[in-house]
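J.: Data file target11.cif (mmCIF, C-alpha atoms) is appended below.
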```
data_final
loop_
_atom_site.label_atom_id
_atom_site.label_comp_id
_atom_site.auth_asym_id
_atom_site.auth_seq_id
_atom_site.Cartn_x
_atom_site.Cartn_y
_atom_site.Cartn_z
CA MET C 1 0.00 0.00 0.00
CA ARG C 2 1.32 3.44 -0.86
CA LYS C 3 2.00 5.91 1.96
CA SER C 4 -0.69 8.32 0.73
CA SER C 5 -3.26 5.51 0.88
CA ILE C 6 -2.17 4.61 4.39
CA ARG C 7 -2.53 8.23 5.48
CA ARG C 8 -6.12 8.29 4.18
CA THR C 9 -6.82 4.95 5.86
CA CYS C 10 -5.47 6.19 9.20
CA ALA C 11 -7.45 9.42 9.01
CA ALA C 12 -10.63 7.40 8.58
CA LEU C 13 -9.52 5.01 11.27
CA ALA C 14 -9.18 7.82 13.80
CA ALA C 15 -12.90 8.56 13.57
CA VAL C 16 -13.82 4.90 13.96
CA THR C 17 -11.40 4.49 16.86
CA SER C 18 -12.87 7.41 18.78
CA LEU C 19 -16.22 5.64 18.73
CA ALA C 20 -14.63 2.40 19.87
CA LEU C 21 -12.93 4.20 22.74
CA ALA C 22 -16.17 5.80 23.82
CA ALA C 23 -17.81 2.38 23.96
CA THR C 24 -14.89 0.98 25.94
CA ALA C 25 -15.01 3.85 28.41
CA CYS C 26 -18.70 3.20 29.06
CA GLY C 27 -18.69 -0.58 29.24
CA GLY C 28 -15.16 -1.55 30.16
CA THR C 29 -13.52 -4.83 29.23
CA THR C 30 -13.58 -7.88 31.44
CA LYS C 31 -11.87 -11.24 31.35
CA GLU C 32 -15.16 -12.76 30.17
CA ASP C 33 -15.29 -10.29 27.27
CA VAL C 34 -11.86 -11.44 26.16
CA LYS C 35 -12.89 -15.08 26.43
CA ASP C 36 -16.10 -14.60 24.48
CA GLU C 37 -14.52 -12.61 21.67
CA GLY C 38 -11.49 -14.70 21.58
CA GLY C 39 -10.71 -16.92 19.50
CA LYS C 40 -7.35 -17.62 18.18
CA ALA C 41 -4.39 -15.40 17.76
CA ALA C 42 -4.37 -13.58 14.46
CA ALA C 43 -2.28 -15.70 12.12
CA ALA C 44 -2.09 -15.99 8.37
CA GLY C 45 -0.10 -18.12 5.97
CA LYS C 46 2.15 -21.03 6.81
CA ALA C 47 5.22 -20.89 9.02
CA ASP C 48 8.63 -21.81 7.65
CA PRO C 49 10.92 -22.39 10.65
CA ASN C 50 13.91 -22.59 8.32
CA ALA C 51 13.25 -19.24 6.65
CA THR C 52 16.14 -16.77 6.68
CA THR C 53 15.97 -14.16 9.41
CA LYS C 54 15.29 -10.84 7.71
CA LYS C 55 17.53 -7.86 8.35
CA GLY C 56 16.80 -4.17 8.00
CA LEU C 57 13.39 -4.42 9.64
CA THR C 58 11.93 -1.65 11.80
CA VAL C 59 10.15 -2.63 15.01
CA GLY C 60 8.22 0.03 16.90
CA PHE C 61 7.96 -0.45 20.67
CA LEU C 62 4.89 1.07 22.34
CA PRO C 63 5.17 0.52 26.12
CA LYS C 64 2.31 1.10 28.52
CA GLN C 65 4.18 4.15 29.85
CA VAL C 66 7.40 5.64 28.44
CA ASN C 67 8.77 7.18 31.66
CA ASN C 68 8.26 4.01 33.71
CA PRO C 69 11.67 2.53 34.74
CA TYR C 70 10.35 -1.00 34.25
CA PHE C 71 9.48 -0.34 30.60
CA THR C 72 12.75 1.52 30.05
CA VAL C 73 14.62 -1.66 31.01
CA ALA C 74 12.27 -3.87 28.97
CA ASP C 75 12.52 -1.76 25.83
CA LYS C 76 16.31 -1.50 26.06
CA GLY C 77 16.30 -5.30 26.02
CA GLY C 78 14.32 -5.13 22.78
CA GLU C 79 16.65 -2.51 21.33
CA LYS C 80 19.73 -4.62 22.09
CA ALA C 81 18.21 -7.71 20.45
CA LEU C 82 17.19 -5.82 17.32
CA LYS C 83 20.69 -4.39 16.93
CA GLU C 84 22.10 -7.91 17.19
CA LEU C 85 19.60 -9.10 14.55
CA GLY C 86 20.50 -6.30 12.13
CA SER C 87 17.19 -4.46 12.44
CA SER C 88 16.10 -1.06 13.75
CA TYR C 89 14.33 -0.09 16.97
CA LYS C 90 12.13 2.86 17.73
CA GLU C 91 10.10 3.70 20.82
CA VAL C 92 6.96 5.82 21.04
CA GLY C 93 4.33 6.17 23.74
CA THR C 94 2.51 8.20 26.34
CA SER C 95 3.76 9.42 29.73
CA SER C 96 0.51 8.25 31.36
CA GLY C 97 -0.25 4.62 32.10
CA THR C 98 -3.97 5.15 31.42
CA ASP C 99 -3.96 7.16 28.17
CA THR C 100 -5.60 4.61 25.87
CA ALA C 101 -6.47 7.28 23.28
CA GLY C 102 -2.79 8.18 23.16
CA GLN C 103 -1.80 4.57 22.60
CA VAL C 104 -4.31 4.29 19.75
CA SER C 105 -2.83 7.41 18.16
CA TYR C 106 0.68 5.96 18.33
CA VAL C 107 -0.45 2.68 16.75
CA ASN C 108 -1.93 4.71 13.89
CA THR C 109 1.31 6.67 13.54
CA LEU C 110 3.43 3.51 13.40
CA THR C 111 1.06 2.08 10.78
CA GLN C 112 1.38 5.26 8.74
CA GLN C 113 5.17 5.05 9.02
CA GLN C 114 5.01 1.50 7.63
CA VAL C 115 7.06 -0.20 10.33
CA ASP C 116 7.48 -3.94 9.92
CA ALA C 117 6.27 -4.86 13.39
CA ILE C 118 4.80 -3.31 16.52
CA ALA C 119 5.52 -4.50 20.06
CA VAL C 120 2.92 -3.02 22.42
CA SER C 121 2.06 -3.30 26.10
CA ALA C 122 -1.65 -2.56 26.06
CA GLN C 123 -3.32 -0.31 28.62
CA ASP C 124 -6.69 -1.89 27.79
CA PRO C 125 -7.48 -5.23 26.13
CA GLY C 126 -10.04 -3.88 23.67
CA ALA C 127 -9.32 -0.20 23.06
CA LEU C 128 -6.40 -0.78 20.67
CA CYS C 129 -8.05 -3.52 18.63
CA THR C 130 -9.40 -1.50 15.73
CA ALA C 131 -6.07 0.22 15.22
CA LEU C 132 -4.02 -2.97 15.61
CA LYS C 133 -6.23 -4.90 13.20
CA GLN C 134 -5.68 -2.13 10.65
CA ALA C 135 -1.93 -2.45 11.19
CA MET C 136 -2.12 -6.20 10.55
CA LYS C 137 -4.11 -5.58 7.37
CA ASN C 138 -1.12 -3.54 6.23
CA ASP C 139 1.13 -6.57 6.83
CA ILE C 140 2.53 -5.22 10.10
CA LYS C 141 3.17 -7.96 12.64
CA VAL C 142 1.85 -7.24 16.13
CA VAL C 143 3.35 -8.60 19.34
CA THR C 144 2.00 -7.69 22.76
CA TYR C 145 4.22 -7.92 25.82
CA ASP C 146 3.61 -7.49 29.55
CA SER C 147 -0.10 -6.62 29.04
CA ASP C 148 -2.19 -8.23 26.33
CA THR C 149 -4.98 -7.21 23.98
CA ASN C 150 -7.84 -9.47 22.95
CA PRO C 151 -6.15 -12.42 21.20
CA GLU C 152 -7.53 -11.65 17.73
CA CYS C 153 -5.89 -8.21 17.78
CA ARG C 154 -2.26 -9.40 17.61
CA ASN C 155 -0.10 -12.26 16.35
CA ALA C 156 1.51 -13.26 19.65
CA PHE C 157 1.66 -12.25 23.32
CA ILE C 158 4.87 -12.44 25.38
CA SER C 159 3.75 -13.29 28.91
CA GLN C 160 6.10 -12.48 31.78
CA ALA C 161 5.45 -15.93 33.24
CA SER C 162 2.32 -17.99 33.42
CA ALA C 163 -0.48 -15.99 35.03
CA ASP C 164 -1.05 -18.95 37.31
CA ASP C 165 2.51 -18.85 38.65
CA ILE C 166 2.42 -15.11 39.25
CA GLY C 167 -0.98 -14.98 40.94
CA ARG C 168 -0.54 -17.97 43.22
CA THR C 169 3.03 -17.33 44.35
CA GLN C 170 2.21 -13.81 45.54
CA VAL C 171 -0.62 -15.13 47.73
CA GLN C 172 1.64 -17.90 49.01
CA GLN C 173 4.37 -15.39 49.92
CA MET C 174 1.92 -13.10 51.70
CA ALA C 175 0.22 -15.92 53.62
CA GLU C 176 3.58 -17.18 54.84
CA GLN C 177 4.62 -13.71 56.00
CA ILE C 178 1.42 -13.08 58.00
CA GLY C 179 1.24 -16.58 59.45
CA ASN C 180 -1.82 -17.54 57.36
CA LYS C 181 -4.04 -15.20 59.33
CA GLY C 182 -5.38 -11.66 58.90
CA GLU C 183 -6.78 -9.09 56.49
CA ILE C 184 -4.95 -8.34 53.25
CA ALA C 185 -5.47 -5.92 50.36
CA ILE C 186 -4.29 -5.70 46.76
CA LEU C 187 -2.83 -2.49 45.30
CA SER C 188 -3.13 -2.85 41.52
CA ALA C 189 -2.35 -0.59 38.57
CA ALA C 190 -5.16 0.49 36.21
CA GLN C 191 -8.57 -1.09 36.60
CA THR C 192 -8.46 -2.11 32.91
CA ALA C 193 -4.95 -3.64 32.89
CA THR C 194 -5.28 -7.11 31.37
CA ASN C 195 -2.35 -8.69 33.18
CA GLN C 196 -3.25 -7.23 36.58
CA ASN C 197 -6.84 -8.44 36.34
CA ALA C 198 -5.79 -11.94 35.30
CA TRP C 199 -3.39 -12.21 38.24
CA ILE C 200 -5.97 -10.85 40.70
CA GLU C 201 -8.54 -13.44 39.59
CA ILE C 202 -5.97 -16.18 40.21
CA MET C 203 -5.10 -14.68 43.62
CA LYS C 204 -8.78 -14.82 44.56
CA ASP C 205 -8.95 -18.42 43.37
CA GLU C 206 -5.85 -19.34 45.39
CA LEU C 207 -7.42 -17.78 48.49
CA LYS C 208 -10.33 -20.25 48.21
CA ASP C 209 -7.99 -23.03 49.37
CA PRO C 210 -9.00 -24.09 52.93
CA LYS C 211 -5.48 -23.41 54.20
CA TYR C 212 -6.22 -19.69 53.75
CA LYS C 213 -9.51 -19.80 55.68
CA ASP C 214 -8.20 -17.19 58.12
CA VAL C 215 -6.87 -14.86 55.39
CA LYS C 216 -9.41 -12.29 54.21
CA LEU C 217 -9.07 -10.09 51.11
CA VAL C 218 -10.78 -6.84 52.14
CA LYS C 219 -10.15 -4.59 49.13
CA VAL C 220 -8.58 -4.19 45.70
CA ALA C 221 -7.32 -0.63 45.23
CA TYR C 222 -6.02 0.97 42.02
CA GLY C 223 -3.04 3.32 41.81
CA ASP C 224 -3.04 3.60 37.98
CA ASP C 225 0.74 3.01 37.89
CA ASP C 226 1.13 6.54 39.23
CA ALA C 227 3.56 6.88 42.14
CA GLN C 228 1.68 9.60 44.00
CA LYS C 229 -1.72 7.96 43.60
CA SER C 230 -0.33 4.57 44.64
CA PHE C 231 1.24 6.20 47.72
CA GLN C 232 -2.12 7.78 48.61
CA GLN C 233 -3.98 4.52 47.99
CA THR C 234 -1.63 2.75 50.41
CA GLN C 235 -2.34 5.39 53.04
CA GLY C 236 -6.07 5.06 52.37
CA LEU C 237 -6.01 1.28 52.72
CA LEU C 238 -4.40 1.51 56.15
CA GLN C 239 -6.83 4.19 57.32
CA GLU C 240 -9.85 2.26 56.04
CA HIS C 241 -8.66 -1.10 57.41
CA PRO C 242 -6.78 -0.54 60.68
CA ASN C 243 -6.36 -4.31 61.17
CA LEU C 244 -4.70 -4.81 57.78
CA LYS C 245 -1.85 -7.31 57.96
CA GLY C 246 -0.51 -7.22 54.43
CA ILE C 247 -0.60 -5.67 50.95
CA ILE C 248 0.07 -7.43 47.64
CA SER C 249 1.02 -5.02 44.85
CA PRO C 250 1.52 -6.79 41.48
CA THR C 251 2.92 -3.62 39.85
CA THR C 252 6.43 -2.18 40.05
CA VAL C 253 5.17 1.38 40.54
CA GLY C 254 2.65 0.32 43.18
CA ILE C 255 4.96 -1.81 45.30
CA LYS C 256 7.65 0.89 45.36
CA ALA C 257 5.14 3.57 46.39
CA ALA C 258 3.65 1.31 49.05
CA ALA C 259 7.13 0.52 50.40
CA GLN C 260 7.96 4.21 50.49
CA TYR C 261 4.85 4.92 52.56
CA LEU C 262 5.29 1.97 54.92
CA SER C 263 8.99 2.64 55.52
CA GLY C 264 8.23 6.08 56.92
CA SER C 265 5.22 5.07 59.00
CA LYS C 266 4.34 3.25 62.21
CA TYR C 267 3.35 0.26 60.04
CA LYS C 268 6.94 -0.53 58.97
CA GLY C 269 7.64 -4.19 59.63
CA LYS C 270 4.12 -4.70 60.98
CA VAL C 271 2.14 -4.57 57.73
CA LYS C 272 3.74 -6.97 55.26
CA LEU C 273 4.25 -6.04 51.62
CA THR C 274 4.96 -8.25 48.62
CA GLY C 275 4.26 -8.21 44.90
CA LEU C 276 6.16 -7.42 41.73
CA GLY C 277 9.11 -5.03 41.88
CA THR C 278 12.56 -4.44 40.45
CA PRO C 279 15.61 -5.16 42.63
CA ASN C 280 16.97 -1.65 42.12
CA ASP C 281 13.69 -0.06 43.27
CA MET C 282 13.18 -2.39 46.22
CA ARG C 283 16.71 -3.02 47.50
CA LYS C 284 16.70 -0.38 50.22
CA TYR C 285 13.26 -1.45 51.45
CA VAL C 286 14.42 -5.05 51.77
CA LYS C 287 17.53 -3.95 53.65
CA ASN C 288 15.68 -1.62 56.04
CA GLY C 289 13.12 -4.28 56.98
CA THR C 290 10.06 -2.89 55.18
CA VAL C 291 9.86 -5.82 52.74
CA GLU C 292 10.81 -9.46 53.30
CA ALA C 293 10.38 -10.82 49.77
CA PHE C 294 9.01 -9.85 46.37
CA GLU C 295 9.26 -11.25 42.86
CA LEU C 296 9.67 -10.38 39.20
CA TRP C 297 11.02 -11.66 35.91
CA ASP C 298 13.88 -9.90 34.11
CA PRO C 299 12.14 -7.13 32.12
CA ALA C 300 15.12 -6.85 29.75
CA LYS C 301 14.56 -10.49 28.76
CA LEU C 302 10.84 -9.76 28.28
CA GLY C 303 11.67 -6.95 25.84
CA GLU C 304 14.28 -9.09 24.11
CA LEU C 305 11.82 -11.93 23.56
CA ALA C 306 9.22 -9.48 22.22
CA ALA C 307 11.76 -8.18 19.70
CA ARG C 308 12.92 -11.64 18.65
CA THR C 309 9.31 -12.79 18.25
CA ALA C 310 8.53 -9.74 16.09
CA VAL C 311 11.47 -10.52 13.82
CA ALA C 312 10.55 -14.23 13.63
CA LEU C 313 7.00 -13.26 12.62
CA SER C 314 8.24 -10.75 10.04
CA SER C 315 10.62 -13.38 8.65
CA GLY C 316 7.81 -15.96 8.27
CA GLN C 317 9.45 -18.38 10.70
CA ILE C 318 6.26 -18.37 12.81
CA THR C 319 2.71 -17.09 12.32
CA GLY C 320 1.51 -17.15 15.92
CA LYS C 321 -0.25 -20.53 15.81
CA GLU C 322 -0.21 -22.86 18.79
CA GLY C 323 2.60 -25.42 18.67
CA GLU C 324 5.00 -23.44 16.47
CA THR C 325 8.56 -23.18 17.77
CA PHE C 326 11.36 -20.72 17.10
CA LYS C 327 14.86 -19.95 18.31
CA ALA C 328 15.36 -16.77 20.31
CA GLY C 329 19.13 -16.48 20.16
CA ALA C 330 20.91 -17.24 23.44
CA MET C 331 17.52 -17.32 25.20
CA GLY C 332 16.89 -20.71 23.60
CA GLU C 333 13.86 -22.22 21.88
CA TYR C 334 10.31 -21.18 22.62
CA THR C 335 6.98 -22.81 21.82
CA ILE C 336 3.82 -20.84 21.11
CA GLY C 337 0.97 -21.85 23.38
CA LYS C 338 -2.80 -21.48 23.23
CA ASN C 339 -4.08 -18.19 21.76
CA GLY C 340 -0.58 -17.21 20.66
CA VAL C 341 0.82 -16.90 24.20
CA ILE C 342 4.56 -17.34 24.77
CA ASP C 343 5.70 -17.64 28.41
CA LEU C 344 9.04 -16.06 29.27
CA GLY C 345 9.59 -18.37 32.26
CA LYS C 346 9.09 -18.55 36.02
CA PRO C 347 9.50 -15.38 38.12
CA THR C 348 12.42 -14.94 40.51
CA VAL C 349 11.86 -14.34 44.23
CA PHE C 350 14.10 -11.62 45.70
CA THR C 351 15.08 -11.45 49.37
CA ALA C 352 17.90 -9.92 51.41
CA ASP C 353 19.98 -13.00 50.53
CA ASN C 354 20.00 -12.44 46.76
CA VAL C 355 18.79 -8.92 45.92
CA ASP C 356 22.34 -7.59 45.50
CA GLN C 357 23.02 -10.14 42.78
CA PHE C 358 20.71 -8.30 40.33
CA ASP C 359 20.98 -4.91 38.64
CA PHE C 360 17.75 -3.84 36.93
#
```
Could you render the structure as structure tokens?
T.:
Amino acid sequence: MRKSSIRRTCAALAAVTSLALAATACGGTTKEDVKDEGGKAAAAGKADPNATTKKGLTVGFLPKQVNNPYFTVADKGGEKALKELGSSYKEVGTSSGTDTAGQVSYVNTLTQQQVDAIAVSAQDPGALCTALKQAMKNDIKVVTYDSDTNPECRNAFISQASADDIGRTQVQQMAEQIGNKGEIAILSAAQTATNQNAWIEIMKDELKDPKYKDVKLVKVAYGDDDAQKSFQQTQGLLQEHPNLKGIISPTTVGIKAAAQYLSGSKYKGKVKLTGLGTPNDMRKYVKNGTVEAFELWDPAKLGELAARTAVALSSGQITGKEGETFKAGAMGEYTIGKNGVIDLGKPTVFTADNVDQFDF
């Protein structure tokens, strides 16, 4: 398609997308919506695992939030991999973790610029779909990482680890720290974040086990991946629930903000905190006794796998269908699972014994 045609297409798309966003804002997107719409990952053609890896490609990274240290590390991992593969990297995005309209606009821009692939961490599972489907119609491969869209709106999703592993291990850590007894709360990111909601559902399911009969989830709060709001939400949770024994925050911004509040309060060491954080953010809170343990995957590896998957898709080595395999350089071989999901691997638990061994 010629660039002028793409410009006209994107101009028309903007009007359609604004309507889609309005509908999303009114109705929201739930896990059931994804399941009902879902079907299989968008895939076309037949994979040739022996196809030559293309060089000179351009892959646009669209993180959930450009000024978020977690995504900075992840996207640098993607940039490094693309350089090694002989292709080009570019990053675009919004400074807010809840600006879905901004993300849509950037998808349209990348489509107009005729990039070869887009790697996006979606702020909302449905809001980007119209724009991403248009990108795929223009033969742009779409990989989601960290936070997914509806499966039909991309070719593959790079999952940090299995949702089951992430959700259950955080409950297990918290229960151990509070002696399997007491009130707990969850401090999440945005209310629409696909990954957060999936993990929270699994946490709730884990809590149904009889061994947690004395552990009560009293509230799920949302800090929108904003440090100040997450700090205030932590304060609000403790005011609203004076008997709170622990907080699980499955977001790097949230857990850092919660640790910051707890470390300077009378609750330090008394109210337990775990969740997903980076070693560099959490090191001082582990060492000063605010946090016993937390977990995460290596975000640089997440970004690297997103980049390598985008290049494999663009090279025709995979299409995104379940069962396909591909080599991701020194990371090894990966197999595409149901609905185009590729698991990075199991998360790492960080404590005072090992936190100094990591630098990210």
J.: Quick one: everything within 7 Å of stretch 121-136 of chain C, counting all atoms listed in the file, minus sequence neighbours fewer than 4 positions away in the same chain. Send it as a count of residues only.
T.: 30
J.: How close does each residue of stretch 255-293 of chain C get to stretch 68-77 of chain C, giving the shortest atom pair and distance in Å to one decimal for every residue with an atom at most 12 Å away, counting all atoms listed in the file, sorted by chain and residue number, as JSON lines?
T.:
```
{"residue": "C:Lys256", "atom": "CA", "partner": "C:Pro69", "partner_atom": "CA", "distance": 11.5}
{"residue": "C:Leu276", "atom": "CA", "partner": "C:Tyr70", "partner_atom": "CA", "distance": 10.7}
{"residue": "C:Gly277", "atom": "CA", "partner": "C:Tyr70", "partner_atom": "CA", "distance": 8.7}
{"residue": "C:Thr278", "atom": "CA", "partner": "C:Tyr70", "partner_atom": "CA", "distance": 7.4}
{"residue": "C:Pro279", "atom": "CA", "partner": "C:Tyr70", "partner_atom": "CA", "distance": 10.7}
{"residue": "C:Asn280", "atom": "CA", "partner": "C:Pro69", "partner_atom": "CA", "distance": 10.0}
{"residue": "C:Asp281", "atom": "CA", "partner": "C:Pro69", "partner_atom": "CA", "distance": 9.1}
```
J.: Using the chain letters and residue numbers of this document, give as JSON, numbers by chain the residues selected by the PyMOL selection byres ((chain C and resi 56) around 10).
T.: {"C": [54, 55, 57, 58, 59, 82, 83, 85, 86, 87, 88, 116]}
J.: Tell me which protein, DNA and RNA residues are within 7 Å of C:Leu302, counting only C-alpha atoms, leaving out same-chain ones fewer than 3 positions away, and put them as a ChimeraX atom specification.
T.: /C:74,160,298-299,305-306,344
J.: Take the residues that were just selected and, keeping C-alpha atoms, output them as a tab-separated table (two decimals), in the coordinates of the input.
T.:
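What ended up in part.tsv:
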```tsv
chain	number	residue	atom	x	y	z
C	74	ALA	CA	12.27	-3.87	28.97
C	160	GLN	CA	6.10	-12.48	31.78
C	298	ASP	CA	13.88	-9.90	34.11
C	299	PRO	CA	12.14	-7.13	32.12
C	305	LEU	CA	11.82	-11.93	23.56
C	306	ALA	CA	9.22	-9.48	22.22
C	344	LEU	CA	9.04	-16.06	29.27
```
J.: So which residues get picked by the PyMOL selection byres ((chain C and resi 202-207) around 8) here, written as a ChimeraX atom specification?
T.: /C:163-164,167-168,170-171,198-201,208-210,212-213,215
J.: So what does the PyMOL selection byres ((chain C and resi 46) around 10) actually pick up in this one, as a list in words?
T.: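 Output of the PyMOL selection byres ((chain C and resi 46) around 10): Ala43, Ala44, Gly45, Ala47, Asp48, Pro49, Gly316, Gln317, Ile318, Thr319, Gly320 and Lys321 of chain C.
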J.: Near C:Ala185, within 7 Å and counting all atoms listed in the file, which residues show up once chain neighbours fewer than 3 positions away are dropped, as a list in words?
T.: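 Once the adjacent positions are removed, what remains is Leu217, Val218, Lys219, Val220, Gly246, Ile247 and Ile248 of chain C.
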J.: Work out how far apart atom CA of C:Asp356 and atom CA of C:Asp343 are and give it in Å to one decimal.
T.: 25.9 Å
J.: Given the choices C:Met282, C:Leu237, C:Val311, C:Ala300, which gets closest to C:Ala257 if the distance is worked out from all atoms listed in the file?
T.: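 Residue with the minimum atom-to-atom distance to C:Ala257: C:Met282.
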J.: Select, from C:Glu84, C:Asp224, C:Glu322, C:Asp165, the residue with the minimum atom-to-atom distance to C:Glu295, counting all atoms listed in the file.
T.: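 Smallest separation from C:Glu295 among the options: C:Asp165.
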J.: Give me, please, the distance in Å between atom CA of C:Ala328 and atom CA of C:Ala119, quoted to one decimal.
T.: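 Taking atom CA of C:Ala328 and atom CA of C:Ala119, their separation equals 15.7 Å.
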J.: What does the distance between atom CA of C:Asn339 and atom CA of C:Thr309 come to in Å, to one decimal place?
T.: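 According to the coordinates, atom CA of C:Asn339 and atom CA of C:Thr309 are separated by 14.9 Å.
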J.: I'd like to know which of C:Ser314, C:Lys346, C:Glu304, C:Gln191 is closest to C:Ala330, using only C-alpha atoms.
T.: C:Glu304
J.: Counting only C-alpha atoms, which residue out of C:Thr348, C:Thr251, C:Thr335, C:Gln173 sits closest to C:Phe157?
T.: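 Looking at the shortest contact to C:Phe157, the residue is C:Thr335.
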J.: List the residues sitting within 10 Å of (-10.0, -5.1, 63.7) in the file's frame, using only C-alpha atoms, as a list in words.
T.: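 Those residues lying close to the given coordinates are Gly182, Glu183, His241, Pro242, Asn243 and Leu244 of chain C.
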J.: For each of C:Gln233, C:Thr252, C:Gln228, C:Gln177, take the minimum atom-to-atom distance to C:Val291, counting all atoms listed in the file, then give the residue where this is smallest.
T.: C:Gln177
J.: Since the input has fewer atoms than a full residue there, write stretch 304-317 of chain C out with N, CA and C atoms, as a short mmCIF file (atom, residue, chain, number, x, y, z; two decimals), in the frame of the given file.
T.:
```
data_model
loop_
_atom_site.label_atom_id
_atom_site.label_comp_id
_atom_site.auth_asym_id
_atom_site.auth_seq_id
_atom_site.Cartn_x
_atom_site.Cartn_y
_atom_site.Cartn_z
N GLU C 304 13.48 -8.37 25.11
CA GLU C 304 14.28 -9.09 24.11
C GLU C 304 13.43 -10.14 23.40
N LEU C 305 12.64 -10.89 24.18
CA LEU C 305 11.82 -11.93 23.56
C LEU C 305 10.74 -11.32 22.68
N ALA C 306 10.21 -10.16 23.07
CA ALA C 306 9.22 -9.48 22.22
C ALA C 306 9.85 -9.09 20.89
N ALA C 307 11.07 -8.58 20.93
CA ALA C 307 11.76 -8.18 19.70
C ALA C 307 12.07 -9.39 18.82
N ARG C 308 12.57 -10.45 19.43
CA ARG C 308 12.92 -11.64 18.65
C ARG C 308 11.68 -12.30 18.05
N THR C 309 10.57 -12.24 18.78
CA THR C 309 9.31 -12.79 18.25
C THR C 309 8.83 -11.96 17.08
N ALA C 310 8.94 -10.64 17.19
CA ALA C 310 8.53 -9.74 16.09
C ALA C 310 9.33 -10.03 14.82
N VAL C 311 10.62 -10.24 14.98
CA VAL C 311 11.47 -10.52 13.82
C VAL C 311 11.15 -11.90 13.25
N ALA C 312 10.91 -12.89 14.11
CA ALA C 312 10.55 -14.23 13.63
C ALA C 312 9.23 -14.20 12.86
N LEU C 313 8.27 -13.42 13.33
CA LEU C 313 7.00 -13.26 12.62
C LEU C 313 7.21 -12.58 11.28
N SER C 314 7.99 -11.51 11.27
CA SER C 314 8.24 -10.75 10.04
C SER C 314 9.03 -11.57 9.02
N SER C 315 9.81 -12.53 9.53
CA SER C 315 10.62 -13.38 8.65
C SER C 315 9.85 -14.60 8.16
N GLY C 316 8.63 -14.81 8.68
CA GLY C 316 7.81 -15.96 8.27
C GLY C 316 8.18 -17.25 8.96
N GLN C 317 9.04 -17.17 9.98
CA GLN C 317 9.45 -18.38 10.70
C GLN C 317 8.32 -18.91 11.59
#
```
